[in-house]
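Presented below is the structure to which this report refers.
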Amino acid sequence: MPMRILTAVLRTIRNSPRLAIGLAILLVMVLIAVLSPLIVKGIGGSTDPLELAAYERWLVPGPGHLLGTDQFGRDVLAMVVSALSVSLQIGAIAGVISTVVGVVVAFVAGYKGGWIDGILSTFTGILLVIPTFPLLIALSAYAKNVSLFQVGVMISIFSWPFAAKTIRSQVLSLRSRPYVDLARVTKARDLEIITTELLPNLLPFIGVGFASSALGAIFGLVGLEVIGLGPGGVIDLGQIIFTAISTGALTLGAWPMFVVPIALLTLLFAALNMVNIGLEEVYNPRLRGVAGE
Amino acid sequence: MTAEAPPEEAADRTQDSAPSPGVRAWMARHPLAAYAVRRFGLYLVELWGALTIAFFFFRLMPGDPIQTLIQSLQQNYIYNAQASAEIIARYRSEFGLDGNIFSQYLKYMEKLILHGDLGPSLISYPTPAQDVILRALPWTIGLLGIAAVLSWIFGLALGAVAGWRRGKLGSRILTNLSIALSHVPFFFVALILVYVFAYTLGWLPARSAYDSNISPGFDLAFIGSLLKYGLLPGLSIVLIGTFGWILSTRMLMVPVLGEDYLVYAEAKGLKPWRILTRYALRNCYLPQVTAFGISLGFIFNGNVLVEQLFNYPGLGTTLVTAIQQLDFNTILGVTDIAIFSVLTAVLLLDLVLPLLDPRVKYWK
């Protein structure tokens, strides 16, 4: 079984260079994140490069400090590397939670239909029209000192409806397929049909849901931080951008402090979007070649 | 997307409540009117639900706005009298913060629906929150509206060309660029633009909406200043927004290009330009107009940060200021306006679309 899944994944990737590039970029970023403690150690040598006043303040990029240092004399490269790891973790936590909630809601609504679907879909629809940003800001008032996991949970409260909406429409179209009817005729139970017949066919769309929730979560947190309302103690890429703006890195010409985090996040968003479109292309034959060859 | 789901739900609900035979017969005779009524009913339910969720959400936020108000009054007016319990109670009732949360909710909804009153604001007390919002609204509509229209036009044009010349190198580069960049936050682009054009080169101003030395008025100097100050924030939105529209237009274009009537048009000897604009692009208009309407409703969401960065006096900046000072009425008011505009945009499109496109049919 694992072999079968692996070969299926490999075949999918071979069919879509876009998906392959997106996944490759993600993989490299995850690797950097996993190795970030080692990288940070490598940069600092005997001193901790993230320590306040580890070096001189506002050093320009040079051989010693590839990206210079910030207002507290910390090495920007080391900061960026460890912040990337935090950003990815937030995205992963929020992505997993909102995908799970979204999948459960979508399956209950789409498979059961009727009034349950009516209520759940109206509720999802209502949540979708409330602008997320003010709500997130309100939530941040609770979150002065919270752990990384709690931040992830907080953000996923608002990102699950997107996942639910995408997956529900797919459940609706799969529900009436002949093989589902066949399973129903053979007296398979609902849960059995959902796990063995529907879920495997929905994996790519669940992947899409995960990628977009992760994207939304990371951006949501960056947004909060940029206006100075980020949770304390969580230093991700957005926090570095905020520090750069608030300490006047713009006027001091300390460009690496905001250009590098922005470039990394842009790359991350691009990779997630490539995965999204790649998956849809591969599994939605109507779109094949439509989004680009 | 939103256009398809709600009518089914509306249909479900009407079936559940089992209308009397007379109503059913009337609905059968007037499908369009029945659809409109159902759709409007759903609109009201969604509006009520969203406003209610928003209300309770913000009321459960920690922090006491009355204390903040009294502090700021003391600072501003050297208001030396200690805030007595009586004064606090008066402010509480004025801000609609007295009584339990349900009576607060009923009072808030009553004032909102019957009088369009959002309660007094804190950031410029005693101006009502709706006045604060109305003052900021033209800036947001002006900046974001123009930027949204421009990115839609550019995106449609470039997307059509990208679809028309699909497979060609230029088109492929454009498509891939759009995929990579369409989800980049406007704010990032804005930050880079500010750094390059305002701080490094010093060509354009970095903050505010117009030169404070020029008095606002309908003259060339003021409009020139508006354009100069709006260029950077506008550009950052247009740049990224265009990529999104390129992608969706191209996705709509490509299937149309395979249709028989295009082959026929070509066989008739029509010029390619005419085929592109009159035959192919026309079929992408409608979905894109719909999408544009929906995006106008959501436009506020992604642009708070851009306004905040440029200190543009629009809704986004107002929202951030309101949050920093715990101004519940204004925060909730801005949220309510965003909810109202999204739902109304979607409603209008759902109602108008069947009239514009004979293929769109929601009712049975």
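Naming scheme: A, B, ... for chains in displayed order of the structure tokens; residues 1 onward per chain; ligands 1 onward as shown.
Summary of the local environment: counting only C-alpha atoms, residues at most 8 Å from Leu305 of chain B, other than itself and those fewer than 5 positions away along its chain, are Gly223, Val226 and Ile227 of chain A; Phe187 and Gly316 of chain B.
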Dump as a Markdown table the rows for residues of chain A within 9 Å of chain B: closest atom pair and distance in Å with one decimal, only C-alpha atoms counted, ordered by chain and rising residue number.
```
| residue | atom | partner | partner_atom | distance |
| --- | --- | --- | --- | --- |
| A:Arg18 | CA | B:Asn176 | CA | 8.8 |
| A:Gly114 | CA | B:Asp12 | CA | 6.9 |
| A:Trp115 | CA | B:Asp12 | CA | 6.9 |
| A:Asp117 | CA | B:Glu9 | CA | 7.9 |
| A:Gly118 | CA | B:Glu9 | CA | 5.2 |
| A:Ile119 | CA | B:Glu9 | CA | 8.3 |
| A:Ser121 | CA | B:Glu9 | CA | 7.8 |
| A:Thr122 | CA | B:Glu46 | CA | 7.2 |
| A:Phe123 | CA | B:Gly49 | CA | 8.0 |
| A:Gly125 | CA | B:Glu46 | CA | 7.6 |
| A:Ile126 | CA | B:Ala50 | CA | 5.4 |
| A:Leu127 | CA | B:Ala50 | CA | 6.8 |
| A:Val129 | CA | B:Ile339 | CA | 5.8 |
| A:Ile130 | CA | B:Ile339 | CA | 5.4 |
| A:Pro131 | CA | B:Asn301 | CA | 5.9 |
| A:Thr132 | CA | B:Asn301 | CA | 7.1 |
| A:Phe133 | CA | B:Asn301 | CA | 6.4 |
| A:Pro134 | CA | B:Thr335 | CA | 6.8 |
| A:Leu135 | CA | B:Phe57 | CA | 7.5 |
| A:Ile137 | CA | B:Ile323 | CA | 7.7 |
| A:Ala138 | CA | B:Met61 | CA | 6.4 |
| A:Leu139 | CA | B:Met61 | CA | 7.2 |
| A:Ala141 | CA | B:Pro62 | CA | 6.8 |
| A:Tyr142 | CA | B:Pro62 | CA | 6.8 |
| A:Ser169 | CA | B:Ala5 | CA | 8.8 |
| A:Leu215 | CA | B:His183 | CA | 8.7 |
| A:Phe219 | CA | B:Pro185 | CA | 7.6 |
| A:Gly223 | CA | B:Leu305 | CA | 6.8 |
| A:Val226 | CA | B:Leu305 | CA | 7.6 |
| A:Ile227 | CA | B:Leu305 | CA | 7.4 |
| A:Leu229 | CA | B:Gln324 | CA | 8.9 |
| A:Leu250 | CA | B:Tyr195 | CA | 6.0 |
| A:Thr251 | CA | B:Tyr199 | CA | 6.1 |
| A:Gly253 | CA | B:Thr200 | CA | 7.7 |
| A:Trp255 | CA | B:Tyr195 | CA | 8.3 |
| A:Phe258 | CA | B:Leu191 | CA | 8.4 |
| A:Val259 | CA | B:Ile192 | CA | 7.3 |
| A:Ile262 | CA | B:Phe188 | CA | 6.3 |
| A:Ala263 | CA | B:Phe188 | CA | 8.8 |
| A:Leu265 | CA | B:Val184 | CA | 8.2 |
| A:Thr266 | CA | B:Val184 | CA | 5.8 |
| A:Leu267 | CA | B:Ala180 | CA | 7.9 |
| A:Phe269 | CA | B:His183 | CA | 6.3 |
| A:Ala270 | CA | B:Ala180 | CA | 4.2 |
| A:Ala271 | CA | B:Ala180 | CA | 7.1 |
| A:Leu272 | CA | B:Ala180 | CA | 8.9 |
| A:Asn273 | CA | B:Ile179 | CA | 6.6 |
| A:Met274 | CA | B:Ile179 | CA | 6.5 |
| A:Ile277 | CA | B:Ile179 | CA | 7.9 |
| A:Arg286 | CA | B:Pro255 | CA | 8.8 |
| A:Leu287 | CA | B:Met251 | CA | 7.9 |
| A:Gly289 | CA | B:Val254 | CA | 8.7 |
| A:Val290 | CA | B:Met251 | CA | 5.6 |
| A:Ala291 | CA | B:Met251 | CA | 5.7 |
| A:Gly292 | CA | B:Thr175 | CA | 6.6 |
| A:Glu293 | CA | B:Gly167 | CA | 6.9 |
```
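If you measure from each of B:Leu220, B:Leu143, B:Ile275, B:Ala265 to Gly234 of chain B using only C-alpha atoms, the closest one turns out to be B:Leu143.
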Got a sec to tell me which of segment 17-205 of chain B DSSP assigns to helix (DSSP H, G or I), as a compact mmCIF listing (two decimals) with N, CA and C atoms, in the first residue's frame?
```
# COMPACT_ATOMS: atom_id res chain seq x y z
N PRO B 21 -50.43 25.61 -0.68
CA PRO B 21 -50.58 25.33 -2.11
C PRO B 21 -50.65 26.60 -2.95
N GLY B 22 -51.28 27.63 -2.41
CA GLY B 22 -51.40 28.87 -3.17
C GLY B 22 -50.05 29.46 -3.48
N VAL B 23 -49.18 29.48 -2.47
CA VAL B 23 -47.83 30.02 -2.64
C VAL B 23 -47.08 29.21 -3.68
N ARG B 24 -47.22 27.90 -3.58
CA ARG B 24 -46.50 27.02 -4.49
C ARG B 24 -46.94 27.26 -5.94
N ALA B 25 -48.23 27.42 -6.13
CA ALA B 25 -48.74 27.66 -7.49
C ALA B 25 -48.22 28.99 -8.02
N TRP B 26 -48.21 29.98 -7.13
CA TRP B 26 -47.71 31.28 -7.55
C TRP B 26 -46.24 31.18 -7.95
N MET B 27 -45.47 30.38 -7.14
CA MET B 27 -44.05 30.22 -7.43
C MET B 27 -43.84 29.53 -8.75
N ALA B 28 -44.73 28.57 -9.05
CA ALA B 28 -44.59 27.85 -10.31
C ALA B 28 -44.87 28.77 -11.49
N ARG B 29 -45.81 29.70 -11.30
CA ARG B 29 -46.15 30.61 -12.40
C ARG B 29 -45.11 31.71 -12.58
N PRO B 31 -41.44 31.89 -11.87
CA PRO B 31 -40.19 31.31 -11.35
C PRO B 31 -39.16 32.39 -11.03
N LEU B 32 -39.08 33.41 -11.87
CA LEU B 32 -38.05 34.42 -11.65
C LEU B 32 -38.31 35.20 -10.36
N ALA B 33 -39.57 35.58 -10.17
CA ALA B 33 -39.91 36.33 -8.96
C ALA B 33 -39.70 35.46 -7.73
N ALA B 34 -40.10 34.18 -7.83
CA ALA B 34 -39.94 33.29 -6.70
C ALA B 34 -38.46 33.14 -6.37
N TYR B 35 -37.65 33.03 -7.42
CA TYR B 35 -36.21 32.92 -7.21
C TYR B 35 -35.69 34.17 -6.50
N ALA B 36 -36.15 35.34 -6.97
CA ALA B 36 -35.68 36.60 -6.38
C ALA B 36 -36.06 36.67 -4.91
N VAL B 37 -37.28 36.26 -4.60
CA VAL B 37 -37.74 36.30 -3.20
C VAL B 37 -36.89 35.38 -2.34
N ARG B 38 -36.69 34.16 -2.83
CA ARG B 38 -35.88 33.18 -2.09
C ARG B 38 -34.47 33.69 -1.88
N ARG B 39 -33.91 34.23 -2.96
CA ARG B 39 -32.54 34.72 -2.88
C ARG B 39 -32.43 35.86 -1.88
N PHE B 40 -33.44 36.72 -1.88
CA PHE B 40 -33.42 37.85 -0.96
C PHE B 40 -33.56 37.37 0.48
N GLY B 41 -34.38 36.34 0.66
CA GLY B 41 -34.53 35.77 2.00
C GLY B 41 -33.20 35.24 2.51
N LEU B 42 -32.47 34.54 1.66
CA LEU B 42 -31.17 34.01 2.04
C LEU B 42 -30.22 35.15 2.38
N TYR B 43 -30.32 36.22 1.60
CA TYR B 43 -29.48 37.40 1.83
C TYR B 43 -29.71 37.93 3.24
N LEU B 44 -31.00 38.05 3.62
CA LEU B 44 -31.31 38.57 4.95
C LEU B 44 -30.77 37.65 6.04
N VAL B 45 -30.92 36.33 5.83
CA VAL B 45 -30.42 35.38 6.84
C VAL B 45 -28.91 35.52 6.98
N GLU B 46 -28.22 35.59 5.84
CA GLU B 46 -26.76 35.67 5.89
C GLU B 46 -26.32 36.98 6.54
N LEU B 47 -27.00 38.06 6.17
CA LEU B 47 -26.65 39.36 6.72
C LEU B 47 -26.81 39.36 8.24
N TRP B 48 -27.97 38.84 8.68
CA TRP B 48 -28.22 38.80 10.11
C TRP B 48 -27.18 37.94 10.81
N GLY B 49 -26.91 36.76 10.26
CA GLY B 49 -25.95 35.84 10.88
C GLY B 49 -24.58 36.46 11.00
N ALA B 50 -24.12 37.08 9.91
CA ALA B 50 -22.77 37.62 9.92
C ALA B 50 -22.66 38.80 10.89
N LEU B 51 -23.67 39.67 10.90
CA LEU B 51 -23.64 40.81 11.81
C LEU B 51 -23.65 40.34 13.27
N THR B 52 -24.45 39.29 13.52
CA THR B 52 -24.54 38.77 14.88
C THR B 52 -23.21 38.18 15.34
N ILE B 53 -22.62 37.35 14.47
CA ILE B 53 -21.34 36.74 14.84
C ILE B 53 -20.31 37.84 15.11
N ALA B 54 -20.29 38.84 14.21
CA ALA B 54 -19.31 39.92 14.38
C ALA B 54 -19.54 40.63 15.71
N PHE B 55 -20.82 40.92 16.03
CA PHE B 55 -21.12 41.63 17.27
C PHE B 55 -20.58 40.89 18.49
N PHE B 56 -20.96 39.61 18.59
CA PHE B 56 -20.56 38.86 19.79
C PHE B 56 -19.07 38.68 19.84
N PHE B 57 -18.48 38.50 18.68
CA PHE B 57 -17.04 38.31 18.64
C PHE B 57 -16.32 39.50 19.25
N PHE B 58 -16.72 40.70 18.83
CA PHE B 58 -16.00 41.87 19.32
C PHE B 58 -16.35 42.20 20.77
N ARG B 59 -17.59 41.89 21.18
CA ARG B 59 -17.95 42.16 22.56
C ARG B 59 -17.19 41.29 23.54
N PRO B 65 -13.25 49.77 27.11
CA PRO B 65 -13.15 51.00 26.32
C PRO B 65 -13.46 52.25 27.14
N ILE B 66 -14.30 52.12 28.17
CA ILE B 66 -14.67 53.30 28.94
C ILE B 66 -13.45 53.84 29.68
N GLN B 67 -12.67 52.93 30.26
CA GLN B 67 -11.44 53.37 30.92
C GLN B 67 -10.53 54.10 29.93
N THR B 68 -10.42 53.54 28.72
CA THR B 68 -9.57 54.16 27.71
C THR B 68 -10.08 55.56 27.39
N LEU B 69 -11.41 55.69 27.27
CA LEU B 69 -11.99 56.98 26.93
C LEU B 69 -11.68 57.99 28.03
N ILE B 70 -11.90 57.57 29.26
CA ILE B 70 -11.70 58.51 30.36
C ILE B 70 -10.24 58.91 30.45
N GLN B 71 -9.36 57.94 30.22
CA GLN B 71 -7.94 58.28 30.20
C GLN B 71 -7.63 59.31 29.14
N SER B 72 -8.17 59.11 27.94
CA SER B 72 -7.82 60.03 26.86
C SER B 72 -8.46 61.39 27.11
N LEU B 73 -9.65 61.41 27.72
CA LEU B 73 -10.27 62.69 28.06
C LEU B 73 -9.41 63.43 29.07
N GLN B 74 -8.92 62.68 30.03
CA GLN B 74 -8.09 63.30 31.07
C GLN B 74 -6.83 63.90 30.46
N GLN B 75 -6.24 63.16 29.51
CA GLN B 75 -5.02 63.66 28.89
C GLN B 75 -5.30 64.90 28.04
N ASN B 76 -6.40 64.85 27.29
CA ASN B 76 -6.63 65.90 26.32
C ASN B 76 -7.17 67.19 26.94
N TYR B 77 -8.02 67.07 27.90
CA TYR B 77 -8.69 68.26 28.40
C TYR B 77 -8.31 68.60 29.84
N ALA B 85 -18.33 57.07 39.62
CA ALA B 85 -19.11 55.92 39.17
C ALA B 85 -20.26 56.39 38.27
N GLU B 86 -20.77 57.59 38.60
CA GLU B 86 -21.89 58.12 37.84
C GLU B 86 -21.49 58.40 36.39
N ILE B 87 -20.32 59.04 36.23
CA ILE B 87 -19.85 59.37 34.87
C ILE B 87 -19.62 58.09 34.08
N ILE B 88 -18.99 57.13 34.76
CA ILE B 88 -18.72 55.87 34.06
C ILE B 88 -20.02 55.24 33.61
N ALA B 89 -21.03 55.25 34.50
CA ALA B 89 -22.31 54.66 34.15
C ALA B 89 -22.93 55.38 32.95
N ARG B 90 -22.79 56.71 32.91
CA ARG B 90 -23.37 57.46 31.80
C ARG B 90 -22.69 57.08 30.49
N TYR B 91 -21.35 57.01 30.51
CA TYR B 91 -20.64 56.62 29.30
C TYR B 91 -21.01 55.21 28.87
N ARG B 92 -21.15 54.33 29.86
CA ARG B 92 -21.51 52.95 29.54
C ARG B 92 -22.81 52.91 28.75
N SER B 93 -23.80 53.67 29.24
CA SER B 93 -25.08 53.59 28.56
C SER B 93 -24.97 54.27 27.19
N GLU B 94 -24.16 55.33 27.09
CA GLU B 94 -24.02 55.99 25.80
C GLU B 94 -23.36 55.08 24.76
N ILE B 101 -25.13 41.09 27.94
CA ILE B 101 -24.69 41.15 26.55
C ILE B 101 -25.86 40.99 25.57
N PHE B 102 -26.93 40.30 26.00
CA PHE B 102 -28.04 40.11 25.06
C PHE B 102 -28.86 41.39 24.91
N SER B 103 -29.04 42.10 26.02
CA SER B 103 -29.77 43.36 25.87
C SER B 103 -28.91 44.37 25.11
N GLN B 104 -27.58 44.28 25.29
CA GLN B 104 -26.69 45.12 24.49
C GLN B 104 -26.87 44.82 23.00
N TYR B 105 -26.96 43.52 22.72
CA TYR B 105 -27.09 43.08 21.33
C TYR B 105 -28.38 43.61 20.71
N LEU B 106 -29.49 43.44 21.47
CA LEU B 106 -30.78 43.90 20.95
C LEU B 106 -30.76 45.41 20.70
N LYS B 107 -30.17 46.14 21.63
CA LYS B 107 -30.12 47.59 21.49
C LYS B 107 -29.27 47.98 20.28
N TYR B 108 -28.14 47.28 20.13
CA TYR B 108 -27.24 47.59 19.02
C TYR B 108 -27.95 47.35 17.69
N MET B 109 -28.59 46.19 17.56
CA MET B 109 -29.26 45.85 16.32
C MET B 109 -30.39 46.85 16.04
N GLU B 110 -31.11 47.23 17.09
CA GLU B 110 -32.22 48.15 16.90
C GLU B 110 -31.71 49.48 16.35
N LYS B 111 -30.64 49.99 16.99
CA LYS B 111 -30.09 51.27 16.54
C LYS B 111 -29.54 51.16 15.13
N LEU B 112 -28.89 50.03 14.84
CA LEU B 112 -28.28 49.85 13.53
C LEU B 112 -29.33 49.77 12.44
N ILE B 113 -30.37 48.95 12.68
CA ILE B 113 -31.33 48.71 11.62
C ILE B 113 -32.31 49.87 11.47
N LEU B 114 -32.81 50.38 12.60
CA LEU B 114 -33.83 51.42 12.50
C LEU B 114 -33.25 52.80 12.21
N HIS B 115 -32.07 53.09 12.78
CA HIS B 115 -31.55 54.45 12.64
C HIS B 115 -30.23 54.51 11.88
N ALA B 129 -19.73 56.79 15.15
CA ALA B 129 -18.84 55.94 14.37
C ALA B 129 -19.17 55.99 12.88
N GLN B 130 -20.48 56.11 12.56
CA GLN B 130 -20.81 56.11 11.12
C GLN B 130 -20.23 57.33 10.42
N ASP B 131 -20.13 58.47 11.14
CA ASP B 131 -19.54 59.65 10.52
C ASP B 131 -18.04 59.47 10.30
N VAL B 132 -17.39 58.87 11.30
CA VAL B 132 -15.96 58.59 11.15
C VAL B 132 -15.73 57.71 9.93
N ILE B 133 -16.59 56.68 9.80
CA ILE B 133 -16.43 55.75 8.70
C ILE B 133 -16.74 56.43 7.37
N LEU B 134 -17.81 57.24 7.34
CA LEU B 134 -18.17 57.90 6.10
C LEU B 134 -17.07 58.88 5.65
N ARG B 135 -16.36 59.44 6.61
CA ARG B 135 -15.27 60.35 6.27
C ARG B 135 -14.14 59.58 5.59
N ALA B 136 -13.90 58.36 6.04
CA ALA B 136 -12.78 57.57 5.50
C ALA B 136 -13.15 56.86 4.21
N LEU B 137 -14.44 56.58 4.05
CA LEU B 137 -14.89 55.74 2.94
C LEU B 137 -14.48 56.26 1.56
N PRO B 138 -14.66 57.57 1.27
CA PRO B 138 -14.30 58.05 -0.07
C PRO B 138 -12.84 57.78 -0.42
N TRP B 139 -11.95 57.88 0.56
CA TRP B 139 -10.53 57.63 0.28
C TRP B 139 -10.32 56.20 -0.13
N THR B 140 -10.94 55.29 0.64
CA THR B 140 -10.77 53.88 0.31
C THR B 140 -11.38 53.56 -1.04
N ILE B 141 -12.60 54.08 -1.27
CA ILE B 141 -13.25 53.78 -2.54
C ILE B 141 -12.43 54.38 -3.68
N GLY B 142 -11.95 55.60 -3.48
CA GLY B 142 -11.17 56.25 -4.53
C GLY B 142 -9.91 55.48 -4.85
N LEU B 143 -9.13 55.18 -3.83
CA LEU B 143 -7.84 54.50 -4.06
C LEU B 143 -8.05 53.06 -4.53
N LEU B 144 -8.81 52.29 -3.73
CA LEU B 144 -8.94 50.87 -4.03
C LEU B 144 -9.83 50.65 -5.25
N GLY B 145 -10.88 51.47 -5.37
CA GLY B 145 -11.78 51.30 -6.50
C GLY B 145 -11.05 51.50 -7.82
N ILE B 146 -10.32 52.60 -7.93
CA ILE B 146 -9.61 52.87 -9.18
C ILE B 146 -8.57 51.78 -9.44
N ALA B 147 -7.84 51.41 -8.38
CA ALA B 147 -6.83 50.36 -8.54
C ALA B 147 -7.48 49.05 -8.97
N ALA B 148 -8.65 48.73 -8.41
CA ALA B 148 -9.32 47.47 -8.75
C ALA B 148 -9.78 47.48 -10.21
N VAL B 149 -10.36 48.62 -10.65
CA VAL B 149 -10.82 48.69 -12.03
C VAL B 149 -9.64 48.57 -12.98
N LEU B 150 -8.55 49.28 -12.68
CA LEU B 150 -7.39 49.23 -13.55
C LEU B 150 -6.83 47.81 -13.64
N SER B 151 -6.71 47.13 -12.48
CA SER B 151 -6.13 45.79 -12.56
C SER B 151 -7.06 44.84 -13.30
N TRP B 152 -8.37 45.07 -13.18
CA TRP B 152 -9.31 44.22 -13.92
C TRP B 152 -9.13 44.41 -15.42
N ILE B 153 -9.04 45.68 -15.85
CA ILE B 153 -8.90 45.95 -17.29
C ILE B 153 -7.58 45.38 -17.82
N PHE B 154 -6.48 45.68 -17.12
CA PHE B 154 -5.18 45.16 -17.58
C PHE B 154 -5.19 43.64 -17.59
N GLY B 155 -5.73 43.06 -16.52
CA GLY B 155 -5.73 41.61 -16.40
C GLY B 155 -6.53 40.95 -17.50
N LEU B 156 -7.70 41.55 -17.82
CA LEU B 156 -8.55 40.98 -18.86
C LEU B 156 -7.83 41.04 -20.21
N ALA B 157 -7.22 42.20 -20.49
CA ALA B 157 -6.55 42.37 -21.79
C ALA B 157 -5.37 41.41 -21.91
N LEU B 158 -4.51 41.41 -20.88
CA LEU B 158 -3.31 40.56 -20.95
C LEU B 158 -3.69 39.08 -20.91
N GLY B 159 -4.71 38.75 -20.09
CA GLY B 159 -5.14 37.36 -20.00
C GLY B 159 -5.69 36.87 -21.33
N ALA B 160 -6.44 37.74 -22.03
CA ALA B 160 -6.98 37.35 -23.33
C ALA B 160 -5.84 37.08 -24.29
N VAL B 161 -4.84 37.95 -24.29
CA VAL B 161 -3.71 37.74 -25.20
C VAL B 161 -2.96 36.47 -24.82
N ALA B 162 -2.79 36.25 -23.50
CA ALA B 162 -2.07 35.05 -23.05
C ALA B 162 -2.82 33.79 -23.47
N GLY B 163 -4.14 33.84 -23.45
CA GLY B 163 -4.92 32.69 -23.88
C GLY B 163 -4.85 32.52 -25.39
N TRP B 164 -4.97 33.62 -26.10
CA TRP B 164 -4.99 33.61 -27.57
C TRP B 164 -3.69 33.07 -28.13
N LEU B 169 6.12 31.51 -26.35
CA LEU B 169 7.02 31.74 -25.23
C LEU B 169 6.53 32.86 -24.32
N GLY B 170 6.18 34.00 -24.93
CA GLY B 170 5.76 35.16 -24.13
C GLY B 170 4.57 34.82 -23.26
N SER B 171 3.62 34.14 -23.84
CA SER B 171 2.41 33.79 -23.11
C SER B 171 2.73 32.85 -21.96
N ARG B 172 3.66 31.91 -22.21
CA ARG B 172 4.00 30.97 -21.14
C ARG B 172 4.69 31.67 -19.99
N ILE B 173 5.59 32.60 -20.34
CA ILE B 173 6.27 33.34 -19.27
C ILE B 173 5.24 34.11 -18.45
N LEU B 174 4.31 34.78 -19.16
CA LEU B 174 3.29 35.58 -18.47
C LEU B 174 2.44 34.71 -17.55
N THR B 175 2.03 33.53 -18.07
CA THR B 175 1.19 32.64 -17.27
C THR B 175 1.91 32.17 -16.02
N ASN B 176 3.15 31.75 -16.20
CA ASN B 176 3.89 31.25 -15.04
C ASN B 176 4.17 32.34 -14.03
N LEU B 177 4.45 33.54 -14.56
CA LEU B 177 4.67 34.68 -13.68
C LEU B 177 3.41 34.95 -12.86
N SER B 178 2.25 34.85 -13.52
CA SER B 178 0.99 35.11 -12.83
C SER B 178 0.75 34.07 -11.74
N ILE B 179 1.04 32.80 -12.07
CA ILE B 179 0.83 31.76 -11.07
C ILE B 179 1.72 32.02 -9.86
N ALA B 180 2.95 32.44 -10.12
CA ALA B 180 3.88 32.64 -9.01
C ALA B 180 3.50 33.86 -8.19
N LEU B 181 3.00 34.92 -8.83
CA LEU B 181 2.87 36.18 -8.11
C LEU B 181 1.45 36.55 -7.71
N PHE B 186 -0.33 42.42 -1.40
CA PHE B 186 -0.07 43.75 -1.95
C PHE B 186 0.98 44.48 -1.12
N PHE B 187 0.89 44.21 0.16
CA PHE B 187 1.71 44.93 1.11
C PHE B 187 3.22 44.76 0.84
N PHE B 188 3.60 43.56 0.42
CA PHE B 188 5.02 43.31 0.15
C PHE B 188 5.51 44.21 -0.97
N VAL B 189 4.70 44.24 -2.04
CA VAL B 189 5.07 45.06 -3.18
C VAL B 189 5.13 46.52 -2.75
N ALA B 190 4.14 46.92 -1.95
CA ALA B 190 4.08 48.30 -1.49
C ALA B 190 5.36 48.66 -0.72
N LEU B 191 5.79 47.73 0.13
CA LEU B 191 6.97 48.01 0.96
C LEU B 191 8.22 48.19 0.09
N ILE B 192 8.36 47.31 -0.90
CA ILE B 192 9.52 47.41 -1.80
C ILE B 192 9.44 48.72 -2.59
N LEU B 193 8.25 49.04 -3.10
CA LEU B 193 8.09 50.27 -3.88
C LEU B 193 8.42 51.50 -3.04
N VAL B 194 7.94 51.51 -1.80
CA VAL B 194 8.22 52.64 -0.91
C VAL B 194 9.71 52.78 -0.70
N TYR B 195 10.36 51.65 -0.46
CA TYR B 195 11.79 51.70 -0.19
C TYR B 195 12.54 52.27 -1.40
N VAL B 196 12.18 51.77 -2.58
CA VAL B 196 12.92 52.19 -3.78
C VAL B 196 12.56 53.62 -4.17
N PHE B 197 11.26 53.91 -4.32
CA PHE B 197 10.88 55.19 -4.92
C PHE B 197 10.75 56.32 -3.92
N ALA B 198 10.45 55.99 -2.67
CA ALA B 198 10.29 57.08 -1.71
C ALA B 198 11.57 57.31 -0.90
N TYR B 199 12.14 56.23 -0.36
CA TYR B 199 13.28 56.43 0.54
C TYR B 199 14.61 56.51 -0.21
N THR B 200 14.81 55.63 -1.20
CA THR B 200 16.10 55.61 -1.87
C THR B 200 16.20 56.68 -2.94
```
- Message: When you look at Ser16 of chain A with a cut-off of 8 Å (counting only C-alpha atoms), what residues show up, excluding the ones that are within fewer than 2 positions of it in the same chain? I need them as a PyMOL selection string.
- Response: chain A and resi 12-14+18-20+278+281-282
Handout entry: Spatial neighbours of Asp236 of chain A, max dist 9 Å, only C-alpha atoms, sep filter under 3 positions, as a PyMOL selection string
Key = chain A and resi 79-80+82-88+90+221-222+239-240
